Amino acid sequence: MHEQVAMSSPDITEEDVQAVAEVVRSGRLSLGPRIEEFEELVASYIGVKYAVAVSSGTAALHLIVKALGIGPGDEVLVPSFTFVATVNALLYEGAIPVFVDIRPDTYNLDPEDLERKITPRTRAIMVVDVFGHPADWDEILDIAERYGLRVIDDACEAIGAEYKGKKIGQFGNAAAFAFYPNKQMTTGEGGMIVTNDPGIASLCRSLRNQGRRSTGEWLEHEYLGYNYRMTEMSAALGISQLRRIEVLLANREKVAQMYSSYLQGVEGVRLPVVLPYVRMSWFVYVVTLSQGLHRDRVMQVLAEKGIPTRGYFPPVHLQPYIRKSLGTREGLLPVTESVAGRTIALPFHGRMSESEVQMVVEALMEAVSRCTP
Ligand SMILES: *Cc1c(COP(=O)(O)O)cnc(C)c1O
């Protein structure tokens, strides 16, 4: 059936279009002034010293892992309830992901399970602020300090989020943001490394550009690097989007509140939990069905009504390639596995109208009542 609403949608204005067109017309399409301007804007928005623009969120995570010197045999604590890119960034460098279970309310890393899984080979913690809800930073940073671990923040879903009044991106050794079109702001494809560590920043800057040094000759390569550069067109779009980030976030928040008010009290459907001391940056709107409801059938009924949904997230430790390489299986992470079988991401973006939200809610209520045993 034809889709009645979009699963996600970038918010593009005529100004965004003009900003990109101007770059295309200028003929300077890479390694130009827009990249630097975008980096400075992001650094000052987040409140960190350095920002390094790259070609994707995955590239940002990979370069942080590499810059921290994490390599073969190093264990890194990481959630399984995340997008695969979080874990892949570790696998690219031969590190060993050690999967940690999540809290049953926010679905972020469970600090107790985190501490339990530390071994003498643990080098770092890869934190995810899942769905735009900040992780438990006080507890995580305390554990990291006590055990001497490095901390990476996969903040790819959390631009603009705050933990106890501090912006996400300031925590840990470095953080990664992503700008794929379904994120809160977009550059088409793109990512950003943010850090207060000058060593990490300069190494990432070199690695994204084939291992060149900013001071060296163009054809002199200090390291084995990559082409992870962002284009000037993407940076121009990023600048234009970041200038109205607060509007973008507020629009999404409004849609999330609409969903929550219409879904309040609906039997079998649990709303997203937002802790009192955080500012959530709404990446997706995810509801959790009660035990016993058949999630996949609910999604099927919704699809038949033209409502697209996603089962965010299938646990990474149960993905075929991870099972094969790491030997992981069901039973490893009870909370993750229970939650992952019951979550549904509903259609969500900042330009959804109230009648679209109502249509999704009505369809969901009917689907749930049809699938109640
Ligand atoms: C979007 C996302 C990424 C990075 O995605 P790219 O498509 O590479 O930009 C990484 N981690 C998480 C949790 C994400 O949601």
# chains A, B, ... in the order shown; residues from 1 in each chain; ligands from 1
>>> select_by_dssp(residues="stretch 203-335 of chain A", states="alpha helix (DSSP H)", output="VMD selection string")
chain A and resid 203 to 207 232 to 243 245 to 263 295 to 304 320 to 326 334 to 335
>>> residues_around(residues="A:Gly238", least_positions_apart="4", cutoff="7 Å", atoms="only C-alpha atoms", output="compact mmCIF listing (two decimals) with all heavy atoms, in the first residue's frame")
# COMPACT_ATOMS: atom_id res chain seq x y z
N PHE A 38 32.04 25.50 9.14
CA PHE A 38 31.13 24.52 9.75
C PHE A 38 31.76 23.95 11.03
O PHE A 38 31.10 23.84 12.07
CB PHE A 38 30.81 23.43 8.73
CG PHE A 38 29.78 22.42 9.18
CD1 PHE A 38 28.70 22.80 9.99
CD2 PHE A 38 29.86 21.10 8.76
CE1 PHE A 38 27.74 21.87 10.39
CE2 PHE A 38 28.90 20.16 9.16
CZ PHE A 38 27.85 20.55 9.98
N THR A 186 20.96 17.73 8.83
CA THR A 186 21.62 16.91 7.81
C THR A 186 22.60 17.68 6.94
O THR A 186 22.49 18.91 6.81
CB THR A 186 20.56 16.23 6.90
OG1 THR A 186 21.23 15.30 6.03
CG2 THR A 186 19.80 17.24 6.05
N THR A 187 23.57 16.92 6.40
CA THR A 187 24.44 17.44 5.35
C THR A 187 24.38 16.51 4.14
O THR A 187 25.29 16.50 3.32
CB THR A 187 25.91 17.55 5.84
OG1 THR A 187 26.38 16.23 6.16
CG2 THR A 187 26.04 18.43 7.07
N SER A 234 28.25 19.78 1.28
CA SER A 234 27.70 19.26 2.54
C SER A 234 27.93 20.25 3.68
O SER A 234 27.03 20.48 4.49
CB SER A 234 28.36 17.92 2.89
OG SER A 234 27.86 16.91 2.05
N LEU A 242 22.64 24.25 10.86
CA LEU A 242 23.03 24.50 12.25
C LEU A 242 22.56 25.88 12.71
O LEU A 242 22.25 26.07 13.89
CB LEU A 242 24.55 24.36 12.42
CG LEU A 242 25.06 24.35 13.86
CD1 LEU A 242 24.49 23.18 14.64
CD2 LEU A 242 26.59 24.32 13.91
>>> residues_near_ligand(ligand="ligand 1", cutoff="10 Å", atoms="only C-alpha atoms and all ligand atoms", output="PDB file with C-alpha atoms, in the first residue's frame")
ATOM      1  CA  VAL A  54      34.231  13.948   7.961  1.00  0.00           C
ATOM      2  CA  SER A  55      32.194  12.051   5.384  1.00  0.00           C
ATOM      3  CA  SER A  56      29.876  10.176   7.784  1.00  0.00           C
ATOM      4  CA  GLY A  57      29.145   9.416  11.419  1.00  0.00           C
ATOM      5  CA  THR A  58      30.713   6.002  10.900  1.00  0.00           C
ATOM      6  CA  ALA A  59      33.930   7.626   9.640  1.00  0.00           C
ATOM      7  CA  ALA A  60      33.928   9.913  12.711  1.00  0.00           C
ATOM      8  CA  LEU A  61      33.664   6.917  15.053  1.00  0.00           C
ATOM      9  CA  HIS A  62      36.328   4.986  13.165  1.00  0.00           C
ATOM     10  CA  PRO A  79      25.854  -1.489  23.976  1.00  0.00           C
ATOM     11  CA  PHE A  81      21.080  -1.882  21.493  1.00  0.00           C
ATOM     12  CA  THR A  82      22.443   0.531  18.866  1.00  0.00           C
ATOM     13  CA  PHE A  83      23.037   0.977  15.149  1.00  0.00           C
ATOM     14  CA  VAL A  84      25.716  -1.391  13.780  1.00  0.00           C
ATOM     15  CA  ALA A  85      28.100   1.486  12.969  1.00  0.00           C
ATOM     16  CA  THR A  86      28.896   1.864  16.700  1.00  0.00           C
ATOM     17  CA  VAL A  87      30.280  -1.668  16.820  1.00  0.00           C
ATOM     18  CA  ASN A  88      31.746  -1.705  13.309  1.00  0.00           C
ATOM     19  CA  ALA A  89      34.062   1.192  14.173  1.00  0.00           C
ATOM     20  CA  VAL A 127      28.862   5.090  24.951  1.00  0.00           C
ATOM     21  CA  VAL A 128      25.713   5.738  22.880  1.00  0.00           C
ATOM     22  CA  ASP A 129      23.142   8.426  23.746  1.00  0.00           C
ATOM     23  CA  VAL A 130      20.427   6.280  22.313  1.00  0.00           C
ATOM     24  CA  PHE A 131      17.520   7.897  20.423  1.00  0.00           C
ATOM     25  CA  GLY A 132      18.845  11.294  21.591  1.00  0.00           C
ATOM     26  CA  ASP A 153      30.703   9.052  22.823  1.00  0.00           C
ATOM     27  CA  ASP A 154      28.643   7.899  19.858  1.00  0.00           C
ATOM     28  CA  ALA A 155      26.455  11.019  19.919  1.00  0.00           C
ATOM     29  CA  CYS A 156      25.205  10.405  16.378  1.00  0.00           C
ATOM     30  CA  GLU A 157      21.591  10.490  17.566  1.00  0.00           C
ATOM     31  CA  ALA A 158      21.956  13.247  20.132  1.00  0.00           C
ATOM     32  CA  ALA A 176      30.942  11.692  17.051  1.00  0.00           C
ATOM     33  CA  PHE A 177      27.921  13.323  15.391  1.00  0.00           C
ATOM     34  CA  ALA A 178      26.202  12.234  12.179  1.00  0.00           C
ATOM     35  CA  PHE A 179      24.264  14.157   9.547  1.00  0.00           C
ATOM     36  CA  TYR A 180      22.504  11.509   7.441  1.00  0.00           C
ATOM     37  CA  PRO A 181      19.108  12.800   6.184  1.00  0.00           C
ATOM     38  CA  ASN A 182      17.074  11.109   8.957  1.00  0.00           C
ATOM     39  CA  LYS A 183      19.055  12.845  11.737  1.00  0.00           C
ATOM     40  CA  THR A 186      21.616  16.906   7.808  1.00  0.00           C
ATOM     41  CA  THR A 187      24.444  17.445   5.345  1.00  0.00           C
ATOM     42  CA  GLY A 188      23.254  14.624   3.047  1.00  0.00           C
ATOM     43  CA  GLU A 189      26.059  12.375   4.207  1.00  0.00           C
ATOM     44  CA  GLY A 190      28.436  13.649   6.851  1.00  0.00           C
ATOM     45  CA  GLY A 191      29.832  13.441  10.352  1.00  0.00           C
ATOM     46  CA  MET A 192      31.814  15.428  12.910  1.00  0.00           C
ATOM     47  CA  PHE A 283      15.961  11.583  16.953  1.00  0.00           C
ATOM     48  CA  VAL A 284      13.111   9.067  16.718  1.00  0.00           C
ATOM     49  CA  PHE A 313      17.047  -1.703  17.214  1.00  0.00           C
TER      50      PHE A 313
END
>>> residues_around(residues="A:Glu267", least_positions_apart="2", cutoff="10 Å", atoms="only C-alpha atoms", output="list in words")
Leu263, Gln264, Gly265, Val269, Arg270, Leu289, Ser290, Met365, Val368, Ser369 and Thr372 of chain A
>>> write_last_selection(atoms="N, CA and C atoms", output="short mmCIF file (atom, residue, chain, number, x, y, z; two decimals), in the first residue's frame")
data_model
loop_
_atom_site.label_atom_id
_atom_site.label_comp_id
_atom_site.auth_asym_id
_atom_site.auth_seq_id
_atom_site.Cartn_x
_atom_site.Cartn_y
_atom_site.Cartn_z
N LEU A 263 -1.05 9.32 22.88
CA LEU A 263 -0.84 7.91 23.25
C LEU A 263 -0.96 7.65 24.75
N GLN A 264 -1.00 8.74 25.52
CA GLN A 264 -1.12 8.63 26.97
C GLN A 264 -2.26 7.70 27.35
N GLY A 265 -1.94 6.69 28.15
CA GLY A 265 -3.00 5.83 28.66
C GLY A 265 -3.47 4.74 27.71
N VAL A 269 0.84 0.10 25.27
CA VAL A 269 1.86 0.93 24.63
C VAL A 269 2.58 1.77 25.68
N ARG A 270 3.91 1.59 25.80
CA ARG A 270 4.67 2.41 26.75
C ARG A 270 5.37 3.53 26.01
N LEU A 289 5.92 -1.99 23.19
CA LEU A 289 4.69 -2.74 23.43
C LEU A 289 4.83 -3.62 24.67
N SER A 290 3.69 -3.92 25.29
CA SER A 290 3.70 -4.81 26.45
C SER A 290 4.10 -6.21 26.02
N MET A 365 -3.42 2.19 17.59
CA MET A 365 -4.39 1.70 18.57
C MET A 365 -5.19 0.53 18.00
N VAL A 368 -2.88 -2.55 17.72
CA VAL A 368 -2.62 -3.16 19.03
C VAL A 368 -3.85 -3.94 19.51
N SER A 369 -5.04 -3.37 19.31
CA SER A 369 -6.23 -4.08 19.80
C SER A 369 -6.45 -5.37 18.99
N THR A 372 -3.93 -8.08 20.36
CA THR A 372 -3.98 -8.44 21.77
C THR A 372 -4.51 -9.87 21.89
#
>>> select_by_dssp(residues="stretch 207-354 of chain A", states="strand (DSSP E)", output="list in words")
Val269, Arg270, Val278, Arg279, Tyr285, Val286, Val287, Thr288, Leu289, Thr343, Ile344, Ala345 and Leu346 of chain A
>>> residues_around(residues="stretch 21-23 of chain A", least_positions_apart="6", cutoff="8 Å", atoms="only C-alpha atoms", output="ChimeraX atom specification")
/A:29,232-233,236
>>> residues_around(residues="stretch 220-228 of chain A", least_positions_apart="3", cutoff="7 Å", atoms="only C-alpha atoms", output="MDAnalysis selection string")
chainID A and resid 54:55 59 207:213 216:217
>>> atom_distance(atom1="atom CA of A:Tyr50", atom2="atom CA of A:Leu31")
17.4 Å
>>> closest_residue(among="A:Leu318, A:Val20, A:Val361, A:Leu275", to="A:His133", atoms="only C-alpha atoms")
A:Leu275
>>> closest_atom_pairs(of="stretch 65-116 of chain A", to="stretch 330-333 of chain A", cutoff="8 Å", atoms="only C-alpha atoms", output="CSV")
residue,atom,partner,partner_atom,distance
A:Phe99,CA,A:Leu333,CA,7.9
A:Val100,CA,A:Leu333,CA,7.2
A:Asp101,CA,A:Leu333,CA,5.4
>>> write_last_selection(atoms="all heavy atoms", output="mmCIF file, in the first residue's frame")
data_model
loop_
_atom_site.group_PDB
_atom_site.id
_atom_site.type_symbol
_atom_site.label_atom_id
_atom_site.label_comp_id
_atom_site.auth_asym_id
_atom_site.auth_seq_id
_atom_site.Cartn_x
_atom_site.Cartn_y
_atom_site.Cartn_z
ATOM 1 N N PHE A 99 29.752 -6.705 24.834
ATOM 2 C CA PHE A 99 28.414 -6.126 24.868
ATOM 3 C C PHE A 99 27.877 -5.977 26.283
ATOM 4 O O PHE A 99 27.983 -6.886 27.109
ATOM 5 C CB PHE A 99 27.461 -6.975 24.023
ATOM 6 C CG PHE A 99 27.798 -6.935 22.564
ATOM 7 C CD1 PHE A 99 28.390 -8.026 21.941
ATOM 8 C CD2 PHE A 99 27.561 -5.781 21.816
ATOM 9 C CE1 PHE A 99 28.720 -7.986 20.586
ATOM 10 C CE2 PHE A 99 27.892 -5.728 20.466
ATOM 11 C CZ PHE A 99 28.478 -6.835 19.852
ATOM 12 N N VAL A 100 27.304 -4.797 26.527
ATOM 13 C CA VAL A 100 26.785 -4.444 27.846
ATOM 14 C C VAL A 100 25.270 -4.249 27.727
ATOM 15 O O VAL A 100 24.790 -3.714 26.724
ATOM 16 C CB VAL A 100 27.454 -3.138 28.341
ATOM 17 C CG1 VAL A 100 26.860 -2.679 29.667
ATOM 18 C CG2 VAL A 100 28.967 -3.326 28.441
ATOM 19 N N ASP A 101 24.550 -4.678 28.760
ATOM 20 C CA ASP A 101 23.086 -4.558 28.740
ATOM 21 C C ASP A 101 22.653 -3.116 29.032
ATOM 22 O O ASP A 101 23.482 -2.270 29.390
ATOM 23 C CB ASP A 101 22.458 -5.531 29.740
ATOM 24 C CG ASP A 101 21.150 -6.114 29.203
ATOM 25 O OD1 ASP A 101 20.586 -5.540 28.249
ATOM 26 O OD2 ASP A 101 20.686 -7.136 29.754
#
>>> atom_distance(atom1="atom CA of A:Ile96", atom2="atom CA of A:Ala124")
10.5 Å
>>> closest_residue(among="A:Leu248, A:Val52, A:Ile125, A:Ala144", to="A:Asp11", atoms="only C-alpha atoms")
A:Leu248
>>> atom_distance(atom1="atom CA of A:Leu364", atom2="atom CA of A:Arg295")
11.1 Å
>>> closest_residue(among="A:Thr336, A:Leu90, A:Arg297, A:Arg121", to="A:Thr106", atoms="only C-alpha atoms")
A:Thr336
>>> residues_around(residues="A:Pro272", least_positions_apart="6", cutoff="9 Å", atoms="only C-alpha atoms", output="NGL selection string")
:A and (105-106 or 260 or 285-288)
>>> write_last_selection(atoms="N, CA, C and O atoms", output="mmCIF file, in the first residue's frame")
data_model
loop_
_atom_site.group_PDB
_atom_site.id
_atom_site.type_symbol
_atom_site.label_atom_id
_atom_site.label_comp_id
_atom_site.auth_asym_id
_atom_site.auth_seq_id
_atom_site.Cartn_x
_atom_site.Cartn_y
_atom_site.Cartn_z
ATOM 1 N N ASP A 105 14.510 1.555 31.269
ATOM 2 C CA ASP A 105 13.665 2.741 31.026
ATOM 3 C C ASP A 105 14.167 3.592 29.853
ATOM 4 O O ASP A 105 13.454 3.797 28.879
ATOM 5 N N THR A 106 15.422 4.053 29.909
ATOM 6 C CA THR A 106 15.920 4.920 28.825
ATOM 7 C C THR A 106 16.589 4.131 27.700
ATOM 8 O O THR A 106 16.873 4.694 26.647
ATOM 9 N N SER A 260 2.980 11.859 22.478
ATOM 10 C CA SER A 260 2.835 11.433 23.868
ATOM 11 C C SER A 260 1.464 11.784 24.420
ATOM 12 O O SER A 260 0.882 11.007 25.187
ATOM 13 N N TYR A 285 10.857 8.630 17.530
ATOM 14 C CA TYR A 285 9.850 8.450 18.572
ATOM 15 C C TYR A 285 9.567 6.948 18.647
ATOM 16 O O TYR A 285 8.990 6.373 17.731
ATOM 17 N N VAL A 286 10.041 6.351 19.747
ATOM 18 C CA VAL A 286 9.976 4.895 19.875
ATOM 19 C C VAL A 286 9.053 4.502 21.020
ATOM 20 O O VAL A 286 9.252 4.934 22.152
ATOM 21 N N VAL A 287 8.034 3.703 20.727
ATOM 22 C CA VAL A 287 7.169 3.169 21.777
ATOM 23 C C VAL A 287 7.532 1.706 22.020
ATOM 24 O O VAL A 287 8.143 1.060 21.165
ATOM 25 N N THR A 288 7.179 1.228 23.201
ATOM 26 C CA THR A 288 7.469 -0.158 23.558
ATOM 27 C C THR A 288 6.160 -0.874 23.862
ATOM 28 O O THR A 288 5.360 -0.391 24.672
#
>>> residues_around(residues="A:Gln300", least_positions_apart="4", cutoff="12 Å", atoms="only C-alpha atoms", output="VMD selection string")
chain A and resid 1 294 to 296 304 to 311 344 363 to 364 367 to 368 370 to 371
>>> closest_residue(among="A:Arg123, A:Pro373, A:Ile143, A:Leu237", to="A:Leu293", atoms="only C-alpha atoms")
A:Pro373
>>> closest_residue(among="A:Leu91, A:Ile140, A:Leu77, A:Leu346", to="A:Thr119", atoms="only C-alpha atoms")
A:Leu77
